[in-house]
Structure formats: C-alpha cells, structure tokens
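So this one's input05.txt, compact mmCIF, C-alpha atoms (C1' of nucleotides):
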```txt
# COMPACT_ATOMS: atom_id res chain seq x y z
CA MET S 1 2.66 -0.78 -5.60
CA PRO S 2 1.25 -2.29 -2.59
CA GLU S 3 -2.08 -1.22 -1.29
CA LEU S 4 -4.79 -3.63 -0.29
CA PRO S 5 -5.66 -4.93 -3.79
CA GLU S 6 -2.02 -5.49 -4.73
CA VAL S 7 -1.20 -7.25 -1.47
CA GLU S 8 -4.36 -9.34 -1.78
CA THR S 9 -3.23 -10.36 -5.26
CA VAL S 10 0.22 -11.30 -4.02
CA ALA S 11 -1.19 -13.35 -1.16
CA ARG S 12 -3.67 -15.18 -3.40
CA GLN S 13 -1.00 -16.04 -5.93
CA LEU S 14 1.48 -17.16 -3.31
CA ALA S 15 -0.93 -19.29 -1.31
CA PRO S 16 -1.12 -22.25 -3.72
CA LEU S 17 2.58 -21.94 -4.57
CA LEU S 18 3.76 -22.13 -0.97
CA ALA S 19 1.15 -24.18 0.86
CA GLY S 20 2.59 -27.41 2.20
CA ARG S 21 6.18 -26.57 1.38
CA VAL S 22 8.86 -26.73 4.04
CA LEU S 23 10.93 -23.60 4.60
CA ARG S 24 14.55 -24.68 4.73
CA ARG S 25 16.40 -21.44 5.15
CA ILE S 26 16.16 -17.67 4.94
CA ASP S 27 19.11 -15.69 3.58
CA VAL S 28 19.09 -11.95 4.10
CA ARG S 29 21.20 -9.05 2.98
CA GLY S 30 21.24 -6.32 5.56
CA PRO S 31 19.48 -6.16 8.91
CA LEU S 32 16.14 -7.45 7.65
CA LEU S 33 15.58 -10.36 10.00
CA GLU S 34 17.44 -11.34 13.16
CA VAL S 35 19.57 -14.46 13.11
CA ALA S 36 17.43 -15.96 15.88
CA ASP S 37 14.25 -15.44 13.86
CA ARG S 38 15.82 -16.89 10.75
CA HIS S 39 16.80 -19.91 12.75
CA LEU S 40 13.30 -20.13 14.17
CA ALA S 41 11.85 -20.36 10.67
CA ARG S 42 13.84 -23.39 9.56
CA GLY S 43 12.09 -26.67 8.97
CA ARG S 44 8.58 -25.30 9.26
CA ARG S 45 5.78 -26.09 6.86
CA VAL S 46 3.69 -23.36 5.27
CA LEU S 47 0.09 -23.55 6.43
CA GLY S 48 -1.21 -20.71 4.31
CA VAL S 49 -0.60 -17.23 2.95
CA THR S 50 -2.98 -14.38 3.71
CA ARG S 51 -3.19 -10.63 3.67
CA LEU S 52 -3.23 -8.70 6.95
CA GLY S 53 -3.93 -5.08 6.10
CA LYS S 54 -1.17 -4.21 3.65
CA GLN S 55 1.03 -7.06 4.86
CA VAL S 56 1.59 -10.56 3.53
CA ALA S 57 1.41 -13.17 6.29
CA ILE S 58 2.98 -16.58 5.75
CA ALA S 59 1.64 -18.93 8.42
CA LEU S 60 4.16 -21.54 9.52
CA GLY S 61 3.47 -24.71 11.44
CA PRO S 62 5.39 -25.85 14.52
CA ALA S 63 9.01 -26.88 14.11
CA GLY S 64 8.61 -29.99 16.25
CA ARG S 65 6.90 -31.28 19.35
CA GLY S 66 6.23 -28.61 21.91
CA THR S 67 6.99 -25.71 19.58
CA ALA S 68 4.38 -23.16 18.64
CA ALA S 69 3.17 -22.11 15.22
CA CYS S 70 4.31 -18.72 14.00
CA ARG S 71 4.12 -16.48 11.00
CA LEU S 72 6.37 -14.44 8.80
CA ILE S 73 5.05 -10.97 8.14
CA CYS S 74 6.24 -9.10 5.10
CA HIS S 75 5.42 -5.45 4.51
CA LEU S 76 6.24 -4.34 0.97
CA ARG S 77 5.97 -0.61 1.74
CA MET S 78 6.63 1.36 -1.43
CA THR S 79 8.71 -0.83 -3.69
CA GLY S 80 8.74 -4.33 -2.25
CA ARG S 81 7.99 -7.36 -4.41
CA LEU S 82 7.77 -11.05 -3.77
CA ILE S 83 8.84 -13.22 -6.66
CA TRP S 84 8.54 -16.97 -6.78
CA LEU S 85 11.13 -19.02 -8.61
CA GLY S 86 10.69 -22.73 -9.18
CA PRO S 87 13.57 -25.23 -9.17
CA GLY S 88 16.40 -24.05 -11.39
CA GLU S 89 14.41 -21.03 -12.53
CA THR S 90 16.17 -17.68 -12.72
CA ARG S 91 15.18 -14.14 -13.51
CA GLY S 92 18.29 -12.68 -15.02
CA ASN S 93 20.32 -11.21 -12.23
CA PRO S 94 17.79 -9.44 -10.08
CA ARG S 95 19.02 -6.37 -8.22
CA HIS S 96 17.92 -5.35 -4.74
CA VAL S 97 17.24 -8.83 -3.44
CA ARG S 98 16.84 -8.26 0.31
CA ALA S 99 15.92 -11.77 1.33
CA THR S 100 15.65 -15.25 -0.15
CA LEU S 101 13.29 -17.76 1.44
CA ARG S 102 14.41 -21.21 0.37
CA PHE S 103 11.73 -23.88 0.27
CA ASP S 104 11.68 -27.43 -0.93
CA GLY S 105 11.11 -27.01 -4.65
CA GLY S 106 11.66 -23.30 -5.05
CA ARG S 107 12.53 -19.98 -3.51
CA LEU S 108 10.80 -16.72 -2.78
CA LEU S 109 12.72 -13.52 -3.44
CA PHE S 110 11.95 -10.37 -1.49
CA ILE S 111 13.06 -7.57 -3.76
CA ASP S 112 12.96 -3.99 -2.55
CA PRO S 113 14.97 -1.18 -4.17
CA ARG S 114 14.09 1.48 -1.63
CA ARG S 115 14.58 -0.80 1.37
CA PHE S 116 11.52 0.50 3.19
CA GLY S 117 10.02 -2.96 3.31
CA THR S 118 10.14 -5.13 6.41
CA LEU S 119 10.18 -8.79 7.27
CA ARG S 120 9.54 -10.09 10.74
CA MET S 121 8.64 -13.22 12.65
CA GLU S 122 5.88 -13.32 15.20
CA SER S 123 3.90 -15.90 17.07
CA ALA S 124 0.76 -17.20 15.40
CA ASP S 125 -1.49 -15.73 18.04
CA ALA S 126 0.08 -12.27 18.10
CA PRO S 127 -2.59 -9.60 17.78
CA VAL S 128 -2.80 -8.07 14.34
CA GLY S 129 -1.14 -4.68 14.53
CA ASN S 130 -2.58 -1.23 13.99
CA SER S 131 -6.09 -2.22 15.09
CA GLY S 132 -7.88 -0.80 12.06
CA THR S 133 -10.88 -2.45 10.42
CA ASP S 134 -10.36 -4.39 7.21
CA PRO S 135 -12.77 -2.92 4.66
CA MET S 136 -13.15 -6.28 2.88
CA ASP S 137 -14.20 -8.00 6.09
CA GLY S 138 -17.90 -8.78 6.49
CA ARG S 139 -17.91 -6.94 9.79
CA PHE S 140 -17.31 -3.67 7.97
CA THR S 141 -20.70 -1.96 7.51
CA PRO S 142 -21.99 1.60 7.07
CA PRO S 143 -22.63 2.01 10.82
CA VAL S 144 -19.09 0.81 11.53
CA LEU S 145 -17.77 3.37 9.05
CA ALA S 146 -19.87 6.05 10.72
CA GLY S 147 -18.35 5.12 14.06
CA LEU S 148 -14.82 5.25 12.69
CA LEU S 149 -15.38 8.65 11.09
CA GLY S 150 -16.65 9.85 14.43
CA GLY S 151 -16.23 13.58 14.80
CA SER S 152 -12.92 13.69 12.93
CA ARG S 153 -11.99 17.07 11.53
CA GLN S 154 -9.28 15.58 9.37
CA GLY S 155 -9.73 15.85 5.60
CA LEU S 156 -11.38 12.82 4.01
CA LYS S 157 -8.39 11.91 1.88
CA PRO S 158 -5.79 11.99 4.70
CA TRP S 159 -8.32 10.15 6.88
CA LEU S 160 -8.56 7.30 4.39
CA LEU S 161 -4.81 6.74 4.65
CA ARG S 162 -4.97 6.12 8.40
CA GLN S 163 -4.25 2.48 9.13
CA ASP S 164 -5.66 2.80 12.65
CA ARG S 165 -9.10 3.35 11.10
CA LEU S 166 -9.39 1.41 7.84
CA LEU S 167 -6.68 -1.03 6.81
CA GLY S 168 -5.14 -1.23 3.41
CA ILE S 169 -6.10 1.99 1.64
CA GLY S 170 -3.21 4.00 0.23
CA ASN S 171 -2.68 7.04 -1.92
CA ILE S 172 -4.06 5.66 -5.18
CA TYR S 173 -7.26 4.12 -3.87
CA ALA S 174 -7.99 7.00 -1.50
CA SER S 175 -8.42 9.32 -4.49
CA GLU S 176 -10.30 6.68 -6.49
CA ILE S 177 -12.69 5.93 -3.64
CA LEU S 178 -13.57 9.59 -3.09
CA PHE S 179 -14.20 10.07 -6.80
CA ALA S 180 -16.50 7.05 -6.84
CA ALA S 181 -18.29 8.41 -3.75
CA ARG S 182 -18.50 11.92 -5.29
CA LEU S 183 -17.00 13.43 -2.14
CA ASP S 184 -14.59 16.35 -1.90
CA PRO S 185 -11.26 15.07 -0.52
CA ARG S 186 -10.91 18.21 1.62
CA ARG S 187 -14.19 17.68 3.46
CA ALA S 188 -13.87 17.02 7.17
CA ALA S 189 -14.18 13.26 7.68
CA GLY S 190 -16.62 13.69 10.54
CA SER S 191 -18.94 16.00 8.59
CA LEU S 192 -20.64 13.44 6.33
CA SER S 193 -24.37 12.93 6.31
CA ARG S 194 -25.76 9.46 6.68
CA GLY S 195 -26.38 9.28 2.94
CA GLU S 196 -22.82 10.36 2.20
CA ILE S 197 -21.48 7.73 4.56
CA ARG S 198 -23.44 5.08 2.67
CA ARG S 199 -21.97 6.36 -0.58
CA MET S 200 -18.49 6.27 0.86
CA PHE S 201 -19.02 2.76 2.19
CA GLY S 202 -20.19 1.56 -1.21
CA ALA S 203 -17.25 3.23 -2.93
CA VAL S 204 -14.68 1.69 -0.57
CA ARG S 205 -16.06 -1.77 -1.22
CA SER S 206 -16.62 -1.46 -4.95
CA VAL S 207 -13.35 0.26 -5.82
CA LEU S 208 -11.25 -2.20 -3.83
CA ALA S 209 -13.18 -5.24 -5.08
CA ARG S 210 -12.85 -4.12 -8.67
CA ALA S 211 -9.13 -3.48 -8.26
CA ILE S 212 -8.70 -6.94 -6.74
CA ARG S 213 -10.52 -8.48 -9.71
CA HIS S 214 -8.03 -6.72 -11.98
CA CYS S 215 -5.03 -7.83 -9.90
CA GLY S 216 -4.19 -4.34 -8.67
CA THR S 217 -2.78 -1.28 -10.28
CA THR S 218 0.76 -2.04 -11.22
CA PHE S 219 3.14 -4.63 -10.45
CA SER S 220 5.40 -7.07 -11.89
CA ASP S 221 4.54 -10.65 -11.81
CA PHE S 222 5.80 -13.46 -9.85
CA GLY S 223 4.60 -16.95 -10.26
CA ASP S 224 4.35 -16.00 -13.86
CA THR S 225 7.52 -15.89 -15.87
CA ARG S 226 6.60 -12.75 -17.73
CA GLY S 227 6.53 -9.35 -16.11
CA ARG S 228 2.87 -8.52 -16.08
CA PRO S 229 1.39 -5.37 -14.59
CA GLY S 230 -1.88 -5.36 -12.71
CA GLY S 231 -4.83 -4.52 -14.92
CA PHE S 232 -6.38 -1.69 -12.90
CA GLY S 233 -4.05 1.08 -14.11
CA ARG S 234 -6.05 1.82 -17.22
CA LEU S 235 -9.24 1.93 -15.16
CA LEU S 236 -8.08 4.69 -12.84
CA ALA S 237 -10.60 7.52 -12.85
CA VAL S 238 -8.52 10.32 -11.34
CA TYR S 239 -5.22 9.12 -9.87
CA GLY S 240 -2.27 10.27 -11.98
CA ARG S 241 -4.61 12.01 -14.43
CA GLU S 242 -3.97 15.67 -13.62
CA GLY S 243 -5.12 17.85 -16.51
CA LEU S 244 -6.83 14.99 -18.31
CA PRO S 245 -10.61 14.99 -18.77
CA CYS S 246 -12.67 13.58 -15.93
CA ARG S 247 -14.25 10.32 -16.99
CA GLY S 248 -17.50 11.53 -15.48
CA CYS S 249 -17.95 15.08 -16.80
CA GLY S 250 -14.98 15.95 -19.00
CA ARG S 251 -13.64 18.76 -16.85
CA SER S 252 -9.92 18.48 -16.27
CA VAL S 253 -8.80 16.52 -13.23
CA ARG S 254 -7.14 18.58 -10.48
CA ARG S 255 -4.14 17.67 -8.37
CA ILE S 256 -3.73 19.19 -4.91
CA VAL S 257 -1.31 18.37 -2.09
CA GLN S 258 -2.55 17.15 1.28
CA GLN S 259 -0.04 16.21 3.95
CA SER S 260 2.71 16.41 1.34
CA ARG S 261 1.00 13.83 -0.86
CA SER S 262 -0.86 14.17 -4.14
CA THR S 263 -4.63 14.03 -4.20
CA PHE S 264 -6.50 13.88 -7.49
CA TYR S 265 -10.14 14.82 -7.88
CA CYS S 266 -12.77 16.40 -10.09
CA GLU S 267 -14.04 19.76 -8.86
CA ARG S 268 -17.39 19.30 -10.53
CA CYS S 269 -18.15 15.67 -9.76
CA GLN S 270 -16.81 15.97 -6.22
CA GLY S 271 -17.93 19.50 -5.50
CA PRO S 272 -20.73 20.63 -3.20
CA ARG S 273 -24.14 19.30 -4.16
CA ARG S 274 -26.13 21.87 -6.05
CA ALA S 275 -29.50 20.31 -5.54
CA GLY S 276 -31.37 22.13 -2.84
CA MET S 277 -29.09 25.15 -2.84
CA PHE S 278 -30.28 28.65 -3.53
CA VAL S 279 -29.70 29.78 -7.06
CA ALA S 280 -28.49 33.34 -7.60
C1' DG Z 1 -3.17 17.40 12.96
C1' DG Z 2 0.96 18.42 9.54
C1' DG Z 3 5.96 18.25 8.09
C1' DT Z 4 10.07 15.49 7.50
C1' DA Z 5 12.95 11.53 7.07
C1' DC Z 6 14.01 7.03 5.50
C1' DC Z 7 16.19 5.11 0.34
C1' DT Z 8 16.76 4.50 -4.61
C1' DG Z 9 15.48 5.07 -9.36
C1' DA Z 10 12.79 7.09 -13.06
C1' DA Z 11 11.19 10.96 -15.28
C1' DA Z 12 10.78 15.87 -16.00
C1' DT L 1 19.67 18.77 -11.98
C1' DT L 2 15.42 18.56 -9.59
C1' DT L 3 11.18 16.39 -8.47
C1' DC L 4 8.37 12.71 -7.58
C1' DA L 5 6.98 7.93 -6.14
C1' DG L 6 1.98 3.04 -4.30
C1' DG L 7 4.18 3.74 3.19
C1' DT L 8 4.81 4.88 7.76
C1' DA L 9 7.56 6.33 12.09
C1' DC L 10 8.74 10.09 14.47
C1' DC L 11 9.16 15.07 15.18
C1' DC L 12 6.74 19.55 16.80
```
Go through the file and emit its structure as structure tokens.
Amino acid sequence: MPELPEVETVARQLAPLLAGRVLRRIDVRGPLLEVADRHLARGRRVLGVTRLGKQVAIALGPAGRGTAACRLICHLRMTGRLIWLGPGETRGNPRHVRATLRFDGGRLLFIDPRRFGTLRMESADAPVGNSGTDPMDGRFTPPVLAGLLGGSRQGLKPWLLRQDRLLGIGNIYASEILFAARLDPRRAAGSLSRGEIRRMFGAVRSVLARAIRHCGTTFSDFGDTRGRPGGFGRLLAVYGREGLPCRGCGRSVRRIVQQSRSTFYCERCQGPRRAGMFVA
DNA sequence: GGGTACCTGAAA
DNA sequence: TTTCAGGTACCC
C-alpha cells in the first residue's frame, strides 16, 4: 500500500502515539536489523515521527551524555505495515511479524508478508537518500518540475516512478496524476509545454493532497482497533479500472504495460489535444 | 532506458 | 495452475 499518501498517514498517526515514549528493545525475526543497531536503539526517547519520501522516520534522542541522536528508518515497500498495540492489547495472532519495537506503554509491530520491507538505523544528520524532491514540500514549484523533467525521453508514467526525481509517487498515483493532468502516460517526459508542466504540477499536488485527506488508498489500520482501509480507493479515477467507464467521458479505461507495470489511462481524456489541429 | 529478481498470498 | 500485486536493486 505504501506510496506517499499512505506513508504520510502512517507517520501522522504514529507521531502522537510514539512521541515521548522510550524505546526499550527491538526484537526481530530474520536479518532485518543488526544486533549492534538494535542495541544502539535501546533506552532512547522518541522525538517525532515523520515521512521521508516513502519511508517512515522515527527520530530518537541521545542514549546518554555524549551520544548522538539517531533515527530508525522503515521502508514498507509493497506489503509492510506498522501496527500499534497498547498495553495488553493483542490482534489475534498476527502472521509475518518481522520486528517488534517495545516501548514503555505499548509496542509497534512491523508486519510484512513479502519481506521486501527494510528497517535501518542511521545518524540523525545522515543525508536523506535518493536526492529526489518531495512534491509536498513548499520548495516544489512548476519551474522546479520543469528542471527535473529536463530533456528526458522517458515516458511520463515511468518517469513519475523515479525516486531520484520526485519522491513518493508509486504505481497508483502515477496513473491518477496523469489522468488529472490530462496527459498521455507514453509522452516523453521532456516534451511537455510550459502549460502542460503547470497542469502536471497542479495534478501532482492535488491528487496527493486529496489522497492524504482520505488517508490513502488501502490499508489496514493501526492505532485503531478495527481494520479500516484508506478512503481513497473509491475515488480512483483510472487505477484498477480497466474496461470500466472513464469518470470524465465514459469511454472505457485502458490498461497498458510500461516497464513491466500496469498503467491505466483514458485514450480520449489523455489523448492529443484536438484544439488547433487540422480537421480532415 | 528496459527486463528480471526478490517473496508471499490472493484472485483469476 | 497461472497471473498479478502499492517497490526498488541490479543486470544488460
């Protein structure tokens, strides 16, 4: 589930649950986190929980005099989930628990069936990886987007998945953003006009912001005792809607494959502009 | 650039 | 049984 809106939701929900708590111990199953790093985490207080790209960052204070602050970075990849359990609380017998972070007054379960997810410890001043621009950051503007698109000949949809350009966009929101921007996913990323870049900028912001407001597209709770999916799923315009009528024009939504991954779009709404073209 | 691999489970 | 899945590292 985790693209930017889902990870943002997780971080926002975790922040008030974890802030101020002391991390007592981390138990792992498998090679998720080195013994030395697990030891390093003990006894530290949580300063905050934020999103870094698609990752959840748990900032930890120093462990004593002369020690530096650090942070735990969790990447959920495809199937990772973070579930908070208060004192004595249980959730049946959860399968695929890869790590348990034990705090005063509760524990955080890292559940990940496919085991693609990662957990690592780094120093608080480590540079944020992959160097892409966060599209929800105020420094992201249409000229910045224009610079990132540069002269790229890559298709727009594969381009949107690149974490060294924009952070946090994945396969669902890439299709949704291009539908909102009325841009063909196969267009070369570097071929957009200034007006099209403005449209794309607006779509990136509005689609992600709306998905965040609806707590993402699908995922089970945590913090909340009931399993509750994100509310954005029913608002998807094209993703997962192959053959269904486009919400804009009614024509059936197409699915194509780009770089071995599904792309959904509407040929009419995202086709070449007709205005200004010669008519036969 | 694009294809494949990583791993498991759900759905076709 | 086969295919597909919200991510990304690594191969040519």
| said: What are the residues of chain S lining chain L at 7 Å or less? Count all atoms listed in the file, and put the answer as an MDAnalysis selection string. | reply: chainID S and resid 1:3 77:78 170:172
| query | Quick one: distance from CA of Asp137 in chain S to CA of Arg261 in chain S in Å, one decimal? | reply | 27.5 Å
| request: Starting from chain Z, keep only residues with some atom at most 7 Å from an atom of chain S, counting all atoms listed in the file, and report them as a PyMOL selection string. | output: chain Z and resi 2+7-8
| query | What is the CA of Leu40 in chain S-CA of Ala15 in chain S distance in Å, reported with one decimal? | reply |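 CA of Ala15 in chain S lies at a distance of 21.0 Å from CA of Leu40 in chain S.
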| task | Could you please determine the separation between CA of Gly250 in chain S and CA of Lys157 in chain S in Å, to one decimal place? | result |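 Separation between CA of Gly250 in chain S and CA of Lys157 in chain S: 22.3 Å.
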| 9 Å contact set for Arg241 in chain S, all atoms listed in the file, chain neighbours under 4 positions out, as a PyMOL selection string | chain S and resi 236-237+245-246+252-255+264
